[in-house]
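The next block is my_file_25.txt, given as compact mmCIF, C-alpha atoms.
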# COMPACT_ATOMS: atom_id res chain seq x y z
CA MET F 266 156.05 107.48 94.85
CA GLY F 267 158.19 104.56 96.04
CA GLU F 268 158.14 102.72 99.36
CA ILE F 269 159.71 99.81 101.22
CA ARG F 270 157.25 97.61 103.06
CA ALA F 271 156.51 94.07 104.19
CA ILE F 272 154.82 91.78 101.71
CA ASP F 273 151.34 90.38 102.03
CA ALA F 274 150.34 86.76 101.48
CA THR F 275 149.37 87.36 97.85
CA GLU F 276 152.88 88.54 96.92
CA VAL F 277 154.95 85.51 97.93
CA ASP F 278 155.11 84.05 94.42
CA ALA F 279 156.00 87.44 92.93
CA VAL F 280 158.90 87.82 95.39
CA LEU F 281 160.08 84.30 94.60
CA ASP F 282 160.01 85.14 90.88
CA LEU F 283 162.07 88.30 91.50
CA ILE F 284 164.62 86.42 93.61
CA THR F 285 164.89 83.62 91.03
CA GLU F 286 165.54 86.14 88.27
CA GLN F 287 168.27 87.86 90.27
CA GLN F 288 169.90 84.60 91.42
CA ALA F 289 170.35 83.48 87.80
CA ASP F 290 173.24 85.93 87.34
CA PRO F 291 176.28 85.92 89.71
CA ALA F 292 176.50 89.68 89.18
CA THR F 293 173.15 90.18 90.95
CA ALA F 294 172.89 87.11 93.20
CA THR F 295 173.56 86.48 96.86
CA CYS F 296 175.66 83.42 97.65
CA TYR F 297 173.29 82.11 100.34
CA LEU F 298 170.87 80.61 97.80
CA GLY F 299 170.90 78.59 94.60
CA THR F 300 169.35 79.35 91.22
CA ASP F 301 166.53 76.87 90.63
CA ARG F 302 163.11 78.29 91.59
CA ASN F 303 161.87 75.21 93.41
CA ASP F 304 165.19 74.71 95.19
CA LEU F 305 165.12 78.37 96.20
CA ARG F 306 161.66 77.94 97.65
CA LEU F 307 162.82 74.96 99.73
CA GLU F 308 165.90 76.81 100.95
CA LEU F 309 163.85 79.85 101.92
CA GLU F 310 161.24 77.74 103.69
CA ASP F 311 164.06 76.14 105.69
CA LEU F 312 164.70 79.57 107.24
CA GLY F 313 161.54 79.17 109.31
CA SER F 314 159.73 82.37 110.21
CA ALA F 315 162.26 84.48 108.28
CA TRP F 316 160.41 83.36 105.13
CA PRO F 317 158.16 85.04 104.30
CA ASP F 318 157.62 86.96 107.56
CA SER F 319 160.77 89.09 107.35
CA VAL F 320 160.60 89.81 103.60
CA LEU F 321 160.68 93.46 102.62
CA VAL F 322 160.04 94.73 99.10
CA ALA F 323 160.68 97.97 97.26
CA ILE F 324 157.68 99.25 95.34
CA ASP F 325 158.19 101.90 92.67
CA ASP F 326 155.21 103.26 90.75
CA GLY F 327 153.21 100.18 91.69
CA ARG F 328 155.90 97.72 90.58
CA MET F 329 157.97 95.43 92.79
CA VAL F 330 161.58 96.35 91.99
CA GLY F 331 163.51 94.96 94.96
CA ALA F 332 163.45 92.56 97.88
CA THR F 333 165.44 91.46 100.91
CA LEU F 334 165.04 89.46 104.12
CA ALA F 335 166.99 88.82 107.30
CA ASP F 336 167.72 85.52 109.04
CA THR F 337 168.75 86.03 112.66
CA ASP F 338 170.36 84.03 115.45
CA LEU F 339 169.72 85.53 118.89
CA GLU F 340 172.26 83.30 120.62
CA LEU F 341 175.05 84.46 118.31
CA GLY F 342 173.74 88.02 118.04
CA ARG F 343 174.09 87.89 114.26
CA SER F 344 171.98 88.25 111.16
CA TRP F 345 172.45 87.15 107.59
CA ILE F 346 170.83 89.55 105.12
CA PHE F 347 169.61 87.88 101.94
CA GLY F 348 169.91 90.28 99.03
CA PRO F 349 169.28 93.08 98.51
CA TRP F 350 167.97 92.11 95.11
CA VAL F 351 167.06 95.04 92.87
CA THR F 352 165.76 94.73 89.30
CA THR F 353 165.92 98.43 88.43
CA GLY F 354 167.23 101.42 90.35
CA TRP F 355 170.06 99.84 92.34
CA SER F 356 171.42 103.22 93.41
CA THR F 357 167.95 104.19 94.63
CA TRP F 358 166.87 101.02 96.44
CA ALA F 359 169.83 98.85 97.47
CA ARG F 360 170.99 100.80 100.52
CA PRO F 361 167.46 101.56 101.83
CA LEU F 362 166.52 97.88 101.47
CA LEU F 363 169.64 96.74 103.34
CA GLU F 364 169.15 99.30 106.10
CA ALA F 365 165.46 98.38 106.38
CA ALA F 366 166.37 94.69 106.76
CA VAL F 367 168.88 95.53 109.50
CA ALA F 368 166.26 97.67 111.25
CA THR F 369 163.84 94.73 111.43
CA CYS F 370 166.30 92.66 113.48
CA PRO F 371 165.81 92.34 117.24
CA PRO F 372 167.96 94.60 119.46
CA GLU F 373 170.06 91.58 120.50
CA ILE F 374 171.44 91.37 116.96
CA LEU F 375 174.71 93.31 116.98
CA ALA F 376 176.35 92.19 113.72
CA HIS F 377 175.10 91.65 110.19
CA GLU F 378 176.44 90.01 107.05
CA ILE F 379 175.77 90.04 103.33
CA SER F 380 177.56 87.81 100.85
CA ALA F 381 177.95 87.56 97.10
CA ASP F 382 180.01 86.28 94.21
CA LEU F 383 183.08 88.30 93.25
CA ALA F 384 181.17 89.16 90.08
CA ASN F 385 178.63 91.13 92.14
CA VAL F 386 180.68 94.30 92.11
CA ARG F 387 177.75 96.51 93.05
CA MET F 388 177.31 94.57 96.31
CA ALA F 389 181.00 95.09 97.02
CA ALA F 390 180.65 98.81 96.34
CA LEU F 391 177.61 99.06 98.63
CA ALA F 392 179.46 97.30 101.46
CA GLU F 393 182.51 99.52 101.03
CA HIS F 394 180.32 102.64 101.05
CA LEU F 395 178.77 101.54 104.34
CA GLY F 396 182.11 100.62 105.91
CA TRP F 397 181.36 96.88 106.02
CA LYS F 398 184.46 94.69 106.11
CA ALA F 399 185.11 92.22 103.29
CA SER F 400 186.19 88.68 104.16
CA GLU F 401 188.91 86.75 102.40
CA PRO F 402 187.57 85.37 99.09
CA ASN F 403 186.17 81.88 99.57
CA HIS F 404 186.30 79.32 96.77
CA VAL F 405 183.23 77.11 96.37
CA PHE F 406 184.05 73.58 95.19
CA VAL F 407 181.68 70.79 94.21
CA LEU F 408 182.27 67.08 93.71
CA SER F 409 179.99 64.37 92.29
CA ALA F 410 179.76 60.75 93.41
CA ASP F 411 181.67 59.50 90.34
CA ALA F 412 184.81 61.33 91.42
CA THR F 413 185.09 59.26 94.61
CA ALA F 414 185.65 55.97 92.78
CA ASP F 415 189.47 56.23 92.81
CA TRP F 416 189.77 57.67 96.29
CA PRO F 417 191.64 55.97 99.13
CA PRO F 418 189.45 53.79 101.36
CA ASP F 419 187.65 55.23 104.37
CA ASP F 420 189.93 55.95 107.31
CA PRO F 421 189.40 53.41 110.13
CA ARG F 422 190.33 56.12 112.64
CA VAL F 423 187.14 58.03 111.81
CA ARG F 424 184.10 57.33 113.97
CA LEU F 425 180.72 58.81 114.86
CA PRO F 426 180.61 61.59 117.50
CA ARG F 427 180.03 61.01 121.21
CA ALA F 428 178.89 63.37 123.96
CA GLY F 429 182.39 63.39 125.46
CA ASP F 430 183.91 64.82 122.26
CA PHE F 431 182.93 68.39 123.10
CA ASP F 432 186.03 69.23 125.14
CA ALA F 433 188.37 68.08 122.36
CA ILE F 434 186.48 69.65 119.45
CA ASP F 435 185.53 73.00 120.99
CA PRO F 436 188.93 74.74 121.10
CA LEU F 437 189.79 73.56 117.58
CA HIS F 438 186.37 74.56 116.20
CA ASN F 439 186.60 78.03 117.73
CA ALA F 440 190.18 78.53 116.55
CA GLU F 441 189.52 77.46 112.96
CA PHE F 442 186.05 78.99 112.60
CA PRO F 443 185.86 81.91 115.07
CA ASP F 444 182.81 83.54 113.47
CA THR F 445 180.87 80.36 112.81
CA TYR F 446 177.09 80.21 112.86
CA LEU F 447 177.21 76.76 114.53
CA PRO F 448 178.38 76.36 118.16
CA THR F 449 180.34 73.22 118.99
CA ARG F 450 177.78 71.79 121.39
CA GLN F 451 174.95 72.05 118.89
CA MET F 452 177.11 70.46 116.19
CA VAL F 453 178.03 67.50 118.41
CA LEU F 454 174.47 66.98 119.65
CA ASP F 455 173.08 67.20 116.11
CA GLY F 456 175.65 64.65 114.99
CA ILE F 457 174.72 62.24 117.76
CA ALA F 458 171.03 62.65 116.92
CA GLY F 459 171.67 62.03 113.23
CA GLU F 460 170.48 65.50 112.24
CA ARG F 461 173.94 66.40 110.96
CA ILE F 462 176.75 64.30 109.52
CA VAL F 463 179.62 64.58 112.00
CA ALA F 464 182.84 62.55 112.08
CA VAL F 465 185.67 62.42 114.62
CA SER F 466 189.17 61.12 113.92
CA GLU F 467 190.85 59.34 116.83
CA ALA F 468 194.21 57.58 117.06
CA GLY F 469 194.46 54.04 118.37
CA ASP F 470 195.54 55.35 121.77
CA GLY F 471 192.42 57.55 122.00
CA ARG F 472 194.21 60.75 121.03
CA PHE F 473 191.93 63.30 119.26
CA LEU F 474 193.10 64.02 115.71
CA GLY F 475 190.35 66.14 114.20
CA TYR F 476 186.71 66.42 113.22
CA ALA F 477 184.45 67.20 110.27
CA SER F 478 180.79 68.15 109.93
CA GLY F 479 178.37 68.29 107.02
CA ARG F 480 174.70 68.17 106.12
CA VAL F 481 172.19 67.78 103.33
CA GLN F 482 170.66 71.10 102.32
CA PRO F 483 166.92 71.53 101.68
CA ASP F 484 167.50 71.36 97.91
CA GLY F 485 169.15 67.96 98.29
CA ALA F 486 172.75 69.09 97.83
CA GLY F 487 175.40 67.76 100.18
CA TYR F 488 177.57 70.28 102.01
CA LEU F 489 180.76 69.93 104.03
CA ASP F 490 180.61 72.78 106.55
CA PHE F 491 183.69 72.20 108.70
CA ILE F 492 186.84 70.12 108.68
CA ALA F 493 189.84 70.67 110.95
CA VAL F 494 192.83 68.70 112.17
CA ASP F 495 194.53 69.24 115.51
CA PRO F 496 197.90 70.95 114.92
CA ALA F 497 199.68 68.09 116.69
CA ALA F 498 198.13 65.59 114.25
CA ARG F 499 199.09 67.33 111.02
CA GLY F 500 201.23 65.20 108.76
CA THR F 501 199.56 61.97 109.94
CA GLY F 502 197.08 61.73 107.07
CA ALA F 503 194.19 62.52 109.42
CA GLY F 504 192.98 65.37 107.22
CA LEU F 505 192.80 63.26 104.08
CA GLY F 506 191.18 60.43 106.02
CA LEU F 507 188.52 62.72 107.44
CA LEU F 508 187.86 64.34 104.07
CA VAL F 509 187.35 61.16 102.06
CA THR F 510 185.36 59.43 104.80
CA ILE F 511 182.88 62.19 105.56
CA SER F 512 182.60 63.20 101.89
CA ARG F 513 181.48 59.68 100.99
CA ARG F 514 178.91 59.80 103.81
CA ILE F 515 177.59 63.16 102.62
CA VAL F 516 177.41 62.04 98.98
CA ALA F 517 175.53 58.90 100.04
CA ALA F 518 173.01 60.94 102.04
CA SER F 519 172.55 63.61 99.37
CA PRO F 520 169.70 63.18 96.84
CA GLN F 521 171.91 65.13 94.42
CA HIS F 522 174.79 62.70 95.13
CA ASN F 523 177.34 65.47 95.57
CA VAL F 524 179.25 67.39 98.18
CA ASN F 525 179.93 71.14 98.18
CA LEU F 526 182.43 73.03 100.32
CA THR F 527 184.02 76.45 100.68
CA VAL F 528 187.66 77.17 101.45
CA GLN F 529 189.44 80.48 102.00
CA GLN F 530 191.65 81.55 99.10
CA PRO F 531 194.89 81.71 101.17
CA ARG F 532 194.58 78.04 102.21
CA SER F 533 196.53 76.89 99.17
CA ALA F 534 197.36 73.43 100.56
CA ALA F 535 193.68 72.66 101.14
CA VAL F 536 192.77 74.00 97.68
CA ALA F 537 195.43 71.76 96.11
CA LEU F 538 194.09 68.72 97.99
CA TYR F 539 190.51 69.37 96.89
CA ARG F 540 191.57 69.74 93.28
CA LYS F 541 193.64 66.54 93.48
CA LEU F 542 190.61 64.62 94.74
CA GLY F 543 188.44 65.87 91.87
CA PHE F 544 186.60 68.79 93.43
CA GLU F 545 185.77 71.39 90.77
CA LEU F 546 185.73 75.14 91.35
CA GLU F 547 182.20 76.48 90.99
CA THR F 548 182.48 80.11 92.11
CA THR F 549 184.32 82.48 94.45
CA ILE F 550 182.40 84.44 97.07
CA VAL F 551 183.03 87.22 99.58
CA GLY F 552 181.20 88.03 102.81
CA TYR F 553 180.76 91.59 104.04
CA SER F 554 180.34 92.17 107.79
CA SER F 555 178.91 95.26 109.46
CA PRO F 556 180.76 97.00 112.26
CA THR F 557 179.62 95.39 115.53
CA LEU F 558 177.19 97.63 117.40
CA ASN F 559 177.57 98.35 121.10
CA ARG F 560 174.14 98.67 122.64
CA MET F 561 173.73 99.51 126.32
Now, as a test, write the supplied structure out as structure tokens.
Amino acid sequence: MGEIRAIDATEVDAVLDLITEQQADPATATCYLGTDRNDLRLELEDLGSAWPDSVLVAIDDGRMVGATLADTDLELGRSWIFGPWVTTGWSTWARPLLEAAVATCPPEILAHEISADLANVRMAALAEHLGWKASEPNHVFVLSADATADWPPDDPRVRLPRAGDFDAIDPLHNAEFPDTYLPTRQMVLDGIAGERIVAVSEAGDGRFLGYASGRVQPDGAGYLDFIAVDPAARGTGAGLGLLVTISRRIVAASPQHNVNLTVQQPRSAAVALYRKLGFELETTIVGYSSPTLNRM
């Protein structure tokens, strides 16, 4: 008889093996993690207590056939569900695993998200069955250090962040990324502390033009999380200047000497710019969000 339960300390490697196997194929993977086993381990360990404390597994006839875990943010009231990964019996185990992961979240968590490659059609079907809303497709681009050789020089208008930048960045950040996992204040403070790569573009007269933010992931890959230009500054070259300047900084900080980013499919101008600069399309992903709960 099958069951879903938490893992014990002796099963961590077995779960990692199952996840690695599932991540190898876009049709069964979640987009939150990579494919290399050691990189996966580092990424999962970066989740803190979510790994392995929140891991749930499906056991069928003594065999581990599925796994999932939830990463939560109490301040945002959101969770990100990793998986569900199911080796056999998707129709039997996928929904119970997802619902079990949601049930483990604290009561303050009112919204949940899963995400996968477009090739993972069974994840899309599960989300649709549950009434979870699909996001716009997001293209994932990657660029190596070699591609930056012919770029324009760094933009002299781009500088490091300061504490006083919050008021300028916050409305733009919230408008461009309304469901972001990263609040403006934390982003600015992390940038000042050197824990995140943050850049601000400012005209000679002190006028705010835009900002960008990136980081190095636990597996050593560089990632550009956010880039936005104030509507009044569009057409001034501020976007290109921000992009080339912060991308070089991310590539330099990344042990993999690359920078990854995601962009929504409808943003055709941004997609064209990334392609022009040598970014290569790696995959296309979709997020699926649960209906927001109203708890009294």
Open item on the list: When you look at segment 373-384 of chain F with a cut-off of 8 Å (counting all atoms listed in the file), what residues show up, excluding the ones that are within fewer than 3 positions of it in the same chain? I need them as a PyMOL selection string.
Closed with: chain F and resi 291-292+294-297+337-339+341-348+367+370+388+402+548-560
Open item on the list: Here is a test: counting all atoms listed in the file, which residue of F:Asp411, F:Arg360, F:Val465, F:Leu309 is nearest to Glu393 of chain F?
Closed with: F:Arg360
Task: Interatomic distance, atom CA of Lys541 of chain F to atom CA of Trp416 of chain F (Å, one decimal) - done: 10.1 Å
- [ ] May I ask for the distance between atom CA of Pro448 of chain F and atom CA of Asp336 of chain F, given in Å to one decimal place?
- [x]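 If I compute the distance from atom CA of Pro448 of chain F to atom CA of Asp336 of chain F, I get 16.8 Å.
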TODO: Choose the residue, out of F:Gly506, F:Thr352, F:Trp358, F:Ala365, that has the smallest atom-to-atom separation from Leu391 of chain F; count only C-alpha atoms.
DONE: F:Trp358
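Across F:Gly327, F:Gly429, F:Pro361, F:Gly504, the tightest approach to Ile457 of chain F is made by F:Gly429 when counting all atoms listed in the file.
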TODO: Please identify all polymer residues within 10 Å of Val509 of chain F, counting all atoms listed in the file, omitting same-chain residues fewer than 2 positions from it, and present them as a ChimeraX atom specification.
DONE: /F:413,416-420,504-507,511-515,542
Saved selection, atoms kept: C-alpha atoms, as a tab-separated table (two decimals), keeping the file's coordinate frame:
chain	number	residue	atom	x	y	z
F	413	THR	CA	185.09	59.26	94.61
F	416	TRP	CA	189.77	57.67	96.29
F	417	PRO	CA	191.64	55.97	99.13
F	418	PRO	CA	189.45	53.79	101.36
F	419	ASP	CA	187.65	55.23	104.37
F	420	ASP	CA	189.93	55.95	107.31
F	504	GLY	CA	192.98	65.37	107.22
F	505	LEU	CA	192.80	63.26	104.08
F	506	GLY	CA	191.18	60.43	106.02
F	507	LEU	CA	188.52	62.72	107.44
F	511	ILE	CA	182.88	62.19	105.56
F	512	SER	CA	182.60	63.20	101.89
F	513	ARG	CA	181.48	59.68	100.99
F	514	ARG	CA	178.91	59.80	103.81
F	515	ILE	CA	177.59	63.16	102.62
F	542	LEU	CA	190.61	64.62	94.74
TODO: Work out how far apart atom CA of Trp397 of chain F and atom CA of Gly331 of chain F are and give it in Å to one decimal.
DONE: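 According to the coordinates, atom CA of Trp397 of chain F and atom CA of Gly331 of chain F are separated by 21.1 Å.
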Task: From F:Gln482, F:Ser466, F:Ser400, F:Gln530, residue lying nearest Asp444 of chain F [all atoms listed in the file] - done: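 Distance minimum relative to Asp444 of chain F lands on F:Ser400.
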Task: Near-segment 310-315 of chain F list (7 Å; all atoms listed in the file; drop same-chain fewer than 3 positions) as a list in words - done: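 The filter keeps Arg306, Leu307, Asp318, Ser319, Ala335, Asp336 and Pro483 of chain F.
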